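*Asks:* Input structure: protein19.cif, which contains mmCIF, C-alpha atoms and all ligand atoms.
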data_coords
#
loop_
_atom_site.group_PDB
_atom_site.id
_atom_site.type_symbol
_atom_site.label_atom_id
_atom_site.label_comp_id
_atom_site.auth_asym_id
_atom_site.auth_seq_id
_atom_site.Cartn_x
_atom_site.Cartn_y
_atom_site.Cartn_z
ATOM 1 C CA MET A 1 0.000 0.000 0.000
ATOM 2 C CA LYS A 2 1.209 3.489 -0.812
ATOM 3 C CA LYS A 3 0.680 6.919 0.697
ATOM 4 C CA LYS A 4 -1.452 8.026 -2.241
ATOM 5 C CA ASP A 5 -3.818 5.069 -1.693
ATOM 6 C CA ILE A 6 -4.549 6.266 1.833
ATOM 7 C CA ILE A 7 -4.954 9.880 0.707
ATOM 8 C CA LEU A 8 -7.402 8.776 -1.995
ATOM 9 C CA GLY A 9 -9.480 6.691 0.402
ATOM 10 C CA ILE A 10 -9.604 9.344 3.116
ATOM 11 C CA THR A 11 -10.431 12.127 0.636
ATOM 12 C CA ILE A 12 -13.388 10.170 -0.748
ATOM 13 C CA ILE A 13 -14.697 9.385 2.732
ATOM 14 C CA ILE A 14 -14.386 13.037 3.804
ATOM 15 C CA ILE A 15 -16.207 14.207 0.651
ATOM 16 C CA GLY A 16 -18.907 11.622 1.380
ATOM 17 C CA LEU A 17 -19.304 12.800 4.969
ATOM 18 C CA ILE A 18 -19.491 16.475 3.944
ATOM 19 C CA LEU A 19 -22.096 15.703 1.276
ATOM 20 C CA MET A 20 -24.041 13.619 3.768
ATOM 21 C CA PHE A 21 -24.061 16.501 6.241
ATOM 22 C CA VAL A 22 -25.099 19.042 3.583
ATOM 23 C CA MET A 23 -27.888 16.800 2.285
ATOM 24 C CA LYS A 24 -29.184 16.179 5.813
ATOM 25 C CA LEU A 25 -29.619 19.923 6.256
ATOM 26 C CA TYR A 26 -31.049 20.604 2.817
ATOM 27 C CA ASN A 27 -34.831 20.437 2.487
ATOM 28 C CA ASN A 28 -35.243 18.603 5.771
ATOM 29 C CA SER A 29 -38.453 20.194 7.017
ATOM 30 C CA GLN A 30 -41.619 18.216 7.668
ATOM 31 C CA GLY A 31 -43.473 17.576 4.410
ATOM 32 C CA ASP A 32 -47.129 18.071 3.564
ATOM 33 C CA GLU A 33 -47.761 15.833 0.615
ATOM 34 C CA VAL A 34 -46.711 12.462 -0.701
ATOM 35 C CA ILE A 35 -46.018 12.381 -4.407
ATOM 36 C CA ILE A 36 -45.838 9.009 -6.076
ATOM 37 C CA LYS A 37 -44.052 8.891 -9.402
ATOM 38 C CA VAL A 38 -43.902 5.991 -11.826
ATOM 39 C CA ASP A 39 -41.512 6.202 -14.766
ATOM 40 C CA GLY A 40 -40.689 9.753 -13.713
ATOM 41 C CA LYS A 41 -44.295 10.848 -14.164
ATOM 42 C CA ILE A 42 -46.654 11.762 -11.347
ATOM 43 C CA TYR A 43 -49.000 8.909 -10.475
ATOM 44 C CA GLY A 44 -50.753 10.657 -7.633
ATOM 45 C CA LYS A 45 -50.489 13.175 -4.789
ATOM 46 C CA TYR A 46 -51.751 12.421 -1.304
ATOM 47 C CA SER A 47 -51.908 14.467 1.865
ATOM 48 C CA LEU A 48 -49.672 13.395 4.719
ATOM 49 C CA ASP A 49 -52.318 14.599 7.148
ATOM 50 C CA LYS A 50 -54.679 11.790 6.350
ATOM 51 C CA ASN A 51 -53.950 8.202 7.300
ATOM 52 C CA GLN A 52 -54.530 6.144 4.184
ATOM 53 C CA GLU A 53 -53.440 3.189 2.112
ATOM 54 C CA ILE A 54 -52.642 3.799 -1.528
ATOM 55 C CA GLU A 55 -52.773 0.891 -3.932
ATOM 56 C CA ILE A 56 -50.585 1.370 -6.991
ATOM 57 C CA ASP A 57 -51.074 -0.964 -9.912
ATOM 58 C CA THR A 58 -48.925 -0.342 -12.961
ATOM 59 C CA GLU A 59 -47.609 -2.395 -15.834
ATOM 60 C CA TYR A 60 -44.567 -3.117 -13.650
ATOM 61 C CA GLY A 61 -46.431 -4.507 -10.659
ATOM 62 C CA HIS A 62 -48.224 -3.747 -7.456
ATOM 63 C CA ASN A 63 -47.236 -1.551 -4.508
ATOM 64 C CA THR A 64 -49.091 -0.393 -1.439
ATOM 65 C CA VAL A 65 -47.949 2.867 0.125
ATOM 66 C CA CYS A 66 -49.289 3.547 3.572
ATOM 67 C CA ILE A 67 -49.573 6.981 5.192
ATOM 68 C CA GLU A 68 -49.727 6.805 8.967
ATOM 69 C CA ASN A 69 -49.167 9.570 11.541
ATOM 70 C CA ARG A 70 -47.794 11.991 8.912
ATOM 71 C CA LYS A 71 -45.303 9.390 7.675
ATOM 72 C CA ALA A 72 -45.308 7.341 4.512
ATOM 73 C CA TYR A 73 -43.922 3.865 4.039
ATOM 74 C CA MET A 74 -44.054 0.991 1.567
ATOM 75 C CA LYS A 75 -46.405 -1.553 3.104
ATOM 76 C CA GLU A 76 -46.605 -4.097 0.310
ATOM 77 C CA ALA A 77 -44.794 -4.693 -2.966
ATOM 78 C CA ASP A 78 -44.592 -7.643 -5.305
ATOM 79 C CA CYS A 79 -41.210 -6.593 -6.723
ATOM 80 C CA PRO A 80 -38.529 -9.303 -6.840
ATOM 81 C CA ASP A 81 -36.131 -7.671 -4.386
ATOM 82 C CA GLY A 82 -38.563 -6.166 -1.875
ATOM 83 C CA TYR A 83 -36.024 -3.505 -0.862
ATOM 84 C CA CYS A 84 -38.636 -0.783 -1.001
ATOM 85 C CA LYS A 85 -40.384 -2.316 2.002
ATOM 86 C CA HIS A 86 -37.249 -1.834 4.073
ATOM 87 C CA GLN A 87 -36.642 1.824 3.345
ATOM 88 C CA GLY A 88 -38.486 2.932 6.424
ATOM 89 C CA HIS A 89 -40.937 5.712 7.185
ATOM 90 C CA ILE A 90 -40.436 9.026 5.433
ATOM 91 C CA SER A 91 -41.832 12.454 6.208
ATOM 92 C CA LYS A 92 -39.203 15.036 5.253
ATOM 93 C CA GLY A 93 -38.627 16.924 2.026
ATOM 94 C CA ASN A 94 -35.319 15.231 1.282
ATOM 95 C CA GLN A 95 -36.498 11.658 1.831
ATOM 96 C CA THR A 96 -37.589 9.150 -0.791
ATOM 97 C CA ILE A 97 -38.619 5.536 -1.084
ATOM 98 C CA VAL A 98 -37.562 3.838 -4.288
ATOM 99 C CA CYS A 99 -38.857 0.666 -5.870
ATOM 100 C CA LEU A 100 -36.491 0.255 -8.791
ATOM 101 C CA PRO A 101 -38.055 -2.854 -10.366
ATOM 102 C CA HIS A 102 -41.370 -1.002 -10.545
ATOM 103 C CA LYS A 103 -39.723 2.304 -11.529
ATOM 104 C CA LEU A 104 -41.571 3.875 -8.647
ATOM 105 C CA VAL A 105 -40.464 6.694 -6.373
ATOM 106 C CA VAL A 106 -42.299 8.012 -3.339
ATOM 107 C CA GLU A 107 -41.352 11.638 -2.676
ATOM 108 C CA ILE A 108 -42.302 14.085 0.020
ATOM 109 C CA LYS A 109 -43.302 17.578 -0.964
ATOM 110 C CA VAL A 110 -42.978 20.498 1.403
ATOM 111 C CA ASN A 111 -45.565 23.133 0.621
ATOM 112 C CA ASP A 112 -44.529 26.737 0.925
ATOM 113 C CA LYS A 113 -46.458 27.715 4.058
ATOM 114 C CA SER A 114 -46.440 31.433 3.235
ATOM 115 C CA SER A 115 -48.188 30.974 -0.105
ATOM 116 C CA GLY A 116 -51.937 30.498 -0.148
ATOM 117 C CA ASP A 117 -51.827 29.205 -3.710
ATOM 118 C CA ASN A 118 -49.795 26.222 -2.705
ATOM 119 C CA ALA A 119 -52.081 25.336 0.146
ATOM 120 C CA LYS A 120 -55.023 25.444 -2.216
ATOM 121 C CA LEU A 121 -53.193 23.290 -4.750
ATOM 122 C CA GLY A 122 -52.385 20.705 -2.109
ATOM 123 C CA ASN A 123 -55.960 20.689 -0.957
ATOM 124 C CA ASN A 124 -57.375 20.171 -4.430
ATOM 125 C CA ASN A 125 -55.282 17.106 -4.913
ATOM 126 C CA VAL A 126 -56.221 15.777 -1.544
ATOM 127 C CA SER A 127 -59.932 16.079 -2.183
ATOM 128 C CA LYS A 128 -59.494 14.503 -5.585
ATOM 129 C CA ASP A 129 -57.743 11.480 -4.192
ATOM 130 C CA ASN A 130 -59.847 10.902 -1.117
ATOM 131 C CA ASP A 131 -63.578 10.734 -0.867
ATOM 132 C CA SER A 132 -63.715 11.813 2.754
ATOM 133 C CA GLU A 133 -62.441 15.224 3.772
ATOM 134 C CA ASP A 134 -61.991 15.030 7.477
ATOM 135 C CA GLU A 135 -59.917 17.150 9.846
ATOM 136 C CA LEU A 136 -57.722 18.657 7.156
ATOM 137 C CA ILE A 137 -56.526 22.058 8.144
ATOM 138 C CA PRO A 138 -56.067 23.316 4.552
ATOM 139 C CA ASP A 139 -59.690 22.323 3.919
ATOM 140 C CA ALA A 140 -60.895 24.482 6.734
ATOM 141 C CA ILE A 141 -58.920 27.426 5.417
ATOM 142 C CA VAL A 142 -60.404 27.154 1.944
ATOM 143 C CA LYS A 143 -63.941 26.707 3.208
ATOM 144 C CA MET B 1 -1.941 -20.381 -23.296
ATOM 145 C CA SER B 2 -2.815 -23.007 -20.690
ATOM 146 C CA LYS B 3 -1.573 -20.673 -17.989
ATOM 147 C CA LYS B 4 -4.010 -18.078 -19.212
ATOM 148 C CA VAL B 5 -6.809 -20.648 -19.177
ATOM 149 C CA ALA B 6 -5.952 -21.599 -15.613
ATOM 150 C CA TYR B 7 -6.025 -17.977 -14.468
ATOM 151 C CA CYS B 8 -9.319 -17.283 -16.203
ATOM 152 C CA ALA B 9 -10.917 -20.448 -14.807
ATOM 153 C CA ILE B 10 -9.857 -19.616 -11.249
ATOM 154 C CA LEU B 11 -11.057 -16.038 -11.627
ATOM 155 C CA ILE B 12 -14.465 -17.001 -12.997
ATOM 156 C CA ALA B 13 -14.898 -19.605 -10.267
ATOM 157 C CA LEU B 14 -13.939 -17.061 -7.598
ATOM 158 C CA ALA B 15 -16.242 -14.496 -9.147
ATOM 159 C CA MET B 16 -19.172 -16.892 -9.084
ATOM 160 C CA ILE B 17 -18.557 -17.729 -5.421
ATOM 161 C CA PHE B 18 -18.378 -14.076 -4.394
ATOM 162 C CA SER B 19 -21.414 -13.191 -6.480
ATOM 163 C CA TYR B 20 -23.335 -15.998 -4.854
ATOM 164 C CA VAL B 21 -22.374 -14.764 -1.395
ATOM 165 C CA GLU B 22 -23.438 -11.272 -2.452
ATOM 166 C CA ALA B 23 -26.773 -12.489 -3.810
ATOM 167 C CA VAL B 24 -27.518 -14.493 -0.673
ATOM 168 C CA ILE B 25 -26.458 -11.805 1.795
ATOM 169 C CA PRO B 26 -27.485 -8.549 0.154
ATOM 170 C CA VAL B 27 -26.211 -5.415 1.822
ATOM 171 C CA ASN B 28 -28.994 -2.892 1.839
ATOM 172 C CA PHE B 29 -27.949 0.724 1.376
ATOM 173 C CA GLY B 30 -31.565 1.675 1.080
ATOM 174 C CA ILE B 31 -31.021 1.738 -2.643
ATOM 175 C CA PRO B 32 -32.673 -1.211 -4.278
ATOM 176 C CA GLY B 33 -30.555 -3.451 -6.429
ATOM 177 C CA ILE B 34 -27.276 -1.796 -5.601
ATOM 178 C CA LYS B 35 -24.678 -4.315 -4.589
ATOM 179 C CA LEU B 36 -21.599 -3.970 -2.493
ATOM 180 C CA GLY B 37 -19.435 -5.232 -5.332
ATOM 181 C CA VAL B 38 -17.486 -7.857 -3.430
ATOM 182 C CA ALA B 39 -17.155 -9.844 -6.650
ATOM 183 C CA ASN B 40 -15.103 -6.926 -7.939
ATOM 184 C CA ILE B 41 -12.197 -8.577 -6.177
ATOM 185 C CA VAL B 42 -11.835 -10.791 -9.225
ATOM 186 C CA VAL B 43 -11.495 -7.800 -11.499
ATOM 187 C CA VAL B 44 -8.895 -6.213 -9.239
ATOM 188 C CA VAL B 45 -6.873 -9.432 -9.050
ATOM 189 C CA GLY B 46 -7.347 -10.006 -12.767
ATOM 190 C CA LEU B 47 -5.935 -6.588 -13.642
ATOM 191 C CA TYR B 48 -2.655 -7.611 -12.034
ATOM 192 C CA ILE B 49 -2.245 -11.064 -13.578
ATOM 193 C CA ILE B 50 -3.925 -11.086 -16.982
ATOM 194 C CA LYS B 51 -4.515 -8.638 -19.817
ATOM 195 C CA ALA B 52 -7.123 -5.892 -19.499
ATOM 196 C CA ARG B 53 -9.011 -7.331 -22.470
ATOM 197 C CA GLU B 54 -9.303 -10.691 -20.718
ATOM 198 C CA VAL B 55 -10.436 -9.067 -17.479
ATOM 199 C CA PHE B 56 -13.136 -7.285 -19.437
ATOM 200 C CA VAL B 57 -14.361 -10.553 -20.987
ATOM 201 C CA ILE B 58 -14.312 -12.299 -17.614
ATOM 202 C CA SER B 59 -16.283 -9.586 -15.877
ATOM 203 C CA VAL B 60 -18.913 -9.445 -18.620
ATOM 204 C CA ILE B 61 -19.289 -13.238 -18.529
ATOM 205 C CA ARG B 62 -19.536 -13.134 -14.754
ATOM 206 C CA ILE B 63 -22.158 -10.398 -14.719
ATOM 207 C CA ILE B 64 -24.336 -12.168 -17.265
ATOM 208 C CA LEU B 65 -23.980 -15.578 -15.568
ATOM 209 C CA VAL B 66 -24.756 -14.118 -12.154
ATOM 210 C CA GLY B 67 -27.653 -12.145 -13.594
ATOM 211 C CA ILE B 68 -29.164 -15.276 -15.091
ATOM 212 C CA LEU B 69 -28.593 -17.345 -11.960
ATOM 213 C CA PHE B 70 -29.465 -14.929 -9.159
ATOM 214 C CA GLY B 71 -30.925 -11.823 -10.741
ATOM 215 C CA ASN B 72 -32.881 -10.411 -13.603
ATOM 216 C CA VAL B 73 -32.425 -8.150 -16.623
ATOM 217 C CA MET B 74 -32.353 -5.056 -14.442
ATOM 218 C CA SER B 75 -29.692 -6.388 -12.132
ATOM 219 C CA ILE B 76 -27.572 -7.265 -15.180
ATOM 220 C CA LEU B 77 -27.927 -3.675 -16.358
ATOM 221 C CA TYR B 78 -26.822 -2.248 -12.996
ATOM 222 C CA SER B 79 -23.918 -4.611 -12.701
ATOM 223 C CA LEU B 80 -22.772 -3.928 -16.255
ATOM 224 C CA ALA B 81 -22.847 -0.164 -15.701
ATOM 225 C CA GLY B 82 -21.021 -0.466 -12.400
ATOM 226 C CA GLY B 83 -18.644 -3.134 -13.672
ATOM 227 C CA ILE B 84 -17.607 -1.423 -16.890
ATOM 228 C CA LEU B 85 -17.210 2.016 -15.314
ATOM 229 C CA SER B 86 -15.105 0.642 -12.484
ATOM 230 C CA LEU B 87 -12.963 -1.380 -14.897
ATOM 231 C CA ILE B 88 -12.214 1.727 -16.984
ATOM 232 C CA VAL B 89 -11.426 3.803 -13.888
ATOM 233 C CA MET B 90 -9.179 1.064 -12.487
ATOM 234 C CA LEU B 91 -7.288 0.737 -15.769
ATOM 235 C CA LEU B 92 -6.623 4.487 -15.740
ATOM 236 C CA MET B 93 -5.636 4.420 -12.074
ATOM 237 C CA LYS B 94 -3.269 1.538 -12.660
ATOM 238 C CA LYS B 95 -1.481 3.607 -15.315
ATOM 239 C CA MET B 96 -1.132 6.545 -12.931
ATOM 240 C CA LYS B 97 1.922 6.731 -10.756
ATOM 241 C CA GLY B 98 1.840 6.409 -6.998
ATOM 242 C CA PHE B 99 -1.109 4.090 -6.536
ATOM 243 C CA SER B 100 -0.826 0.465 -5.499
ATOM 244 C CA ILE B 101 -3.461 -2.236 -5.970
ATOM 245 C CA VAL B 102 -5.244 -0.826 -2.896
ATOM 246 C CA GLY B 103 -5.698 2.641 -4.408
ATOM 247 C CA VAL B 104 -6.786 1.139 -7.713
ATOM 248 C CA SER B 105 -9.335 -0.961 -5.857
ATOM 249 C CA ILE B 106 -10.670 2.034 -3.879
ATOM 250 C CA ALA B 107 -11.234 3.961 -7.106
ATOM 251 C CA GLY B 108 -12.878 0.865 -8.561
ATOM 252 C CA GLY B 109 -15.209 0.421 -5.598
ATOM 253 C CA VAL B 110 -16.326 4.043 -5.700
ATOM 254 C CA SER B 111 -16.885 4.128 -9.455
ATOM 255 C CA HIS B 112 -18.720 0.798 -9.284
ATOM 256 C CA ASN B 113 -21.285 2.381 -6.968
ATOM 257 C CA VAL B 114 -21.482 5.625 -8.944
ATOM 258 C CA GLY B 115 -22.167 3.644 -12.127
ATOM 259 C CA GLN B 116 -24.972 1.701 -10.488
ATOM 260 C CA LEU B 117 -26.555 4.848 -9.092
ATOM 261 C CA ALA B 118 -26.402 6.474 -12.533
ATOM 262 C CA VAL B 119 -28.409 3.587 -13.976
ATOM 263 C CA ALA B 120 -30.868 3.773 -11.090
ATOM 264 C CA ILE B 121 -31.392 7.493 -11.734
ATOM 265 C CA ALA B 122 -31.920 6.824 -15.433
ATOM 266 C CA VAL B 123 -34.385 4.013 -14.719
ATOM 267 C CA VAL B 124 -36.697 5.886 -12.380
ATOM 268 C CA GLU B 125 -35.992 9.238 -14.081
ATOM 269 C CA ASN B 126 -35.632 10.861 -10.714
ATOM 270 C CA LEU B 127 -32.664 13.015 -9.769
ATOM 271 C CA LYS B 128 -33.654 12.867 -6.110
ATOM 272 C CA LEU B 129 -31.718 9.608 -5.944
ATOM 273 C CA ILE B 130 -28.563 11.755 -5.926
ATOM 274 C CA ALA B 131 -29.208 11.879 -2.185
ATOM 275 C CA TYR B 132 -27.732 8.375 -2.009
ATOM 276 C CA ILE B 133 -24.362 9.454 -3.353
ATOM 277 C CA PRO B 134 -22.682 10.141 0.035
ATOM 278 C CA VAL B 135 -23.431 6.654 1.388
ATOM 279 C CA LEU B 136 -22.345 5.102 -1.883
ATOM 280 C CA LEU B 137 -19.065 7.043 -1.971
ATOM 281 C CA ILE B 138 -18.178 6.016 1.568
ATOM 282 C CA ALA B 139 -19.289 2.405 1.122
ATOM 283 C CA GLY B 140 -17.383 2.203 -2.168
ATOM 284 C CA ALA B 141 -14.185 3.521 -0.599
ATOM 285 C CA ILE B 142 -14.407 1.072 2.306
ATOM 286 C CA THR B 143 -15.241 -2.000 0.206
ATOM 287 C CA GLY B 144 -12.610 -0.938 -2.305
ATOM 288 C CA PHE B 145 -10.044 -0.695 0.473
ATOM 289 C CA ILE B 146 -10.864 -4.156 1.873
ATOM 290 C CA ILE B 147 -10.919 -5.704 -1.597
ATOM 291 C CA GLY B 148 -7.602 -4.018 -2.353
ATOM 292 C CA ILE B 149 -5.923 -5.462 0.745
ATOM 293 C CA LEU B 150 -7.321 -8.950 -0.010
ATOM 294 C CA SER B 151 -6.243 -8.701 -3.649
ATOM 295 C CA SER B 152 -2.716 -7.696 -2.678
ATOM 296 C CA LYS B 153 -2.509 -11.005 -0.779
ATOM 297 C CA ILE B 154 -4.212 -13.104 -3.461
ATOM 298 C CA VAL B 155 -2.179 -11.917 -6.476
ATOM 299 C CA PRO B 156 1.238 -13.300 -5.419
ATOM 300 C CA VAL B 157 -0.295 -16.582 -4.179
ATOM 301 C CA MET B 158 -2.194 -17.129 -7.397
ATOM 302 C CA LYS B 159 0.843 -16.378 -9.538
ATOM 303 C CA LYS B 160 2.913 -18.862 -7.541
ATOM 304 C CA GLU B 161 0.315 -21.633 -7.567
ATOM 305 C CA VAL B 162 -0.413 -21.418 -11.270
ATOM 306 C CA GLU B 163 3.315 -21.367 -11.976
ATOM 307 C CA LYS B 164 3.623 -24.609 -9.970
ATOM 308 C CA VAL B 165 0.771 -26.473 -11.669
ATOM 309 C CA VAL B 166 1.120 -25.373 -15.272
HETATM 310 ZN ZN ZN C 201 -39.902 -2.740 -4.542
#
Produce structure tokens that represent the structure in this file.
Ligand SMILES: [Zn+2]

*Replies:*
Amino acid sequence: MKKKDIILGITIIIIGLILMFVMKLYNNSQGDEVIIKVDGKIYGKYSLDKNQEIEIDTEYGHNTVCIENRKAYMKEADCPDGYCKHQGHISKGNQTIVCLPHKLVVEIKVNDKSSGDNAKLGNNNVSKDNDSEDELIPDAIVK
Amino acid sequence: MSKKVAYCAILIALAMIFSYVEAVIPVNFGIPGIKLGVANIVVVVGLYIIKAREVFVISVIRIILVGILFGNVMSILYSLAGGILSLIVMLLMKKMKGFSIVGVSIAGGVSHNVGQLAVAIAVVENLKLIAYIPVLLIAGAITGFIIGILSSKIVPVMKKEVEKVV
């Protein structure tokens, strides 16, 4: 082993740690909406405020995303690897769940709290996706 | 010629064993399908005992065999992207002065992971996956380091043994 080997290894690890730290800080506020994308296109938007189970059936397969206590997680998936089920509960703007075999990504969107337009937009999607509109604060504001 | 055959046979056999271990005990980075790249050890060793062209052939054969046996089309795609990128980077590193097999292997481990992530980003068409890069860089450097140390022990032994038999 040579000196340059060590320098290379340590440099990469330091860069990794710095990036990790920066990414932890970036966009890490509590999200408002869950956006599910398949093939890079939006499949649906769902409010994090409402506990719900979302069934996703695409040409690639089946997934069930569950929203519980303002957190989203992959409850079921019939993908061959099943990794998506082990990616935990997400709730922050910089977190994602990925199911690669199904080309599916679950993202968290943080709405800009200062803008009324955004709140309205979020609400519209929520009411579109759910039949019941209970205890949603944005709802109350709009009404 | 027969010496070359012996080397290639040992390398493919080793590669299959490591790939099997990797398929059975997957290390989960939270990124589906991305492997630790332990089987890369064969490529690192190969670079120091046979020609680059032969290493390339061996790693492509390995990736396809492993894909058929333990994976699917997608996993072949990831492994090919990771495998080919890391092979190119390692060849360049080997030509550079000042790096031993360990440094070459570190660069290989890191580029292996970067290649796989690039395919993952292309597949789901979602740049948010970039968030995984820090973990992959660190994991790649550590695996690369371990593989490099192991390879530095394996290379002389393999050369000696094959010399004895052939
Ligand atoms: Zn999955």

*Asks:* Quick one: apply the PyMOL selection byres ((chain B) within 10 of (chain A)) to the file and drop the selected residues here as a ChimeraX atom specification.

*Replies:* /B:26,28-34,71-75,97-107,110,120-142,144-145,148-149,152

*Asks:* Write out as number ranges by chain the residues lying within 10 Å of B:Ala52, counting all atoms listed in the file and excluding same-chain residues fewer than 4 positions away.

*Replies:* B: 43, 46-48, 56-58, 87-88, 91

*Asks:* Expand the PyMOL selection byres (((chain A and resi 75) around 10) and not hetatm) into the individual residues it matches in the shown file, reporting them as a ChimeraX atom specification.

*Replies:* /A:53-55,63-67,72-74,76-77,84-86,88-89

*Asks:* Tell me which protein, DNA and RNA residues are within 7 Å of A:Asn28, counting only C-alpha atoms, leaving out same-chain ones fewer than 2 positions away, and put them as a PyMOL selection string.

*Replies:* chain A and resi 24-26+30+92-94

*Asks:* For B:Leu117, which of B:Ile68, B:Leu77, B:Ile12, B:Leu150 is the closest residue, counting only C-alpha atoms?

*Replies:* B:Leu77

*Asks:* Would you compute the distance between atom CA of B:Val42 and atom CA of B:Ala15? Give it in Å to one decimal.

*Replies:*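 Interatomic distance here is 5.8 Å.
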
*Asks:* Have a look at atom CA of B:Lys159 and atom CA of B:Met96 and let me know their distance in Å, one decimal.

*Replies:* 23.3 Å

*Asks:* What's the separation between atom CA of B:Gly109 and atom CA of B:Ala6, in Å to one decimal place?

*Replies:*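 Answer for the atom CA of B:Gly109 to atom CA of B:Ala6 separation: 25.9 Å.
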
*Asks:* Considering all atoms listed in the file, can you say which of B:Leu69, B:Val114, B:Ile50, B:Val45 comes closest to B:Pro156?

*Replies:* B:Val45

*Asks:* Using only C-alpha atoms and all ligand atoms, find the one residue out of A:Ile56, A:Ile35, A:Gly44, A:Asn69 that sits nearest to ligand ZN 201 (chain C).

*Replies:* A:Ile56

*Asks:* Could you list, as a count of residues only, every residue matched by the PyMOL selection byres (((chain B and resi 2) around 12) and not hetatm) in this structure?

*Replies:* 12
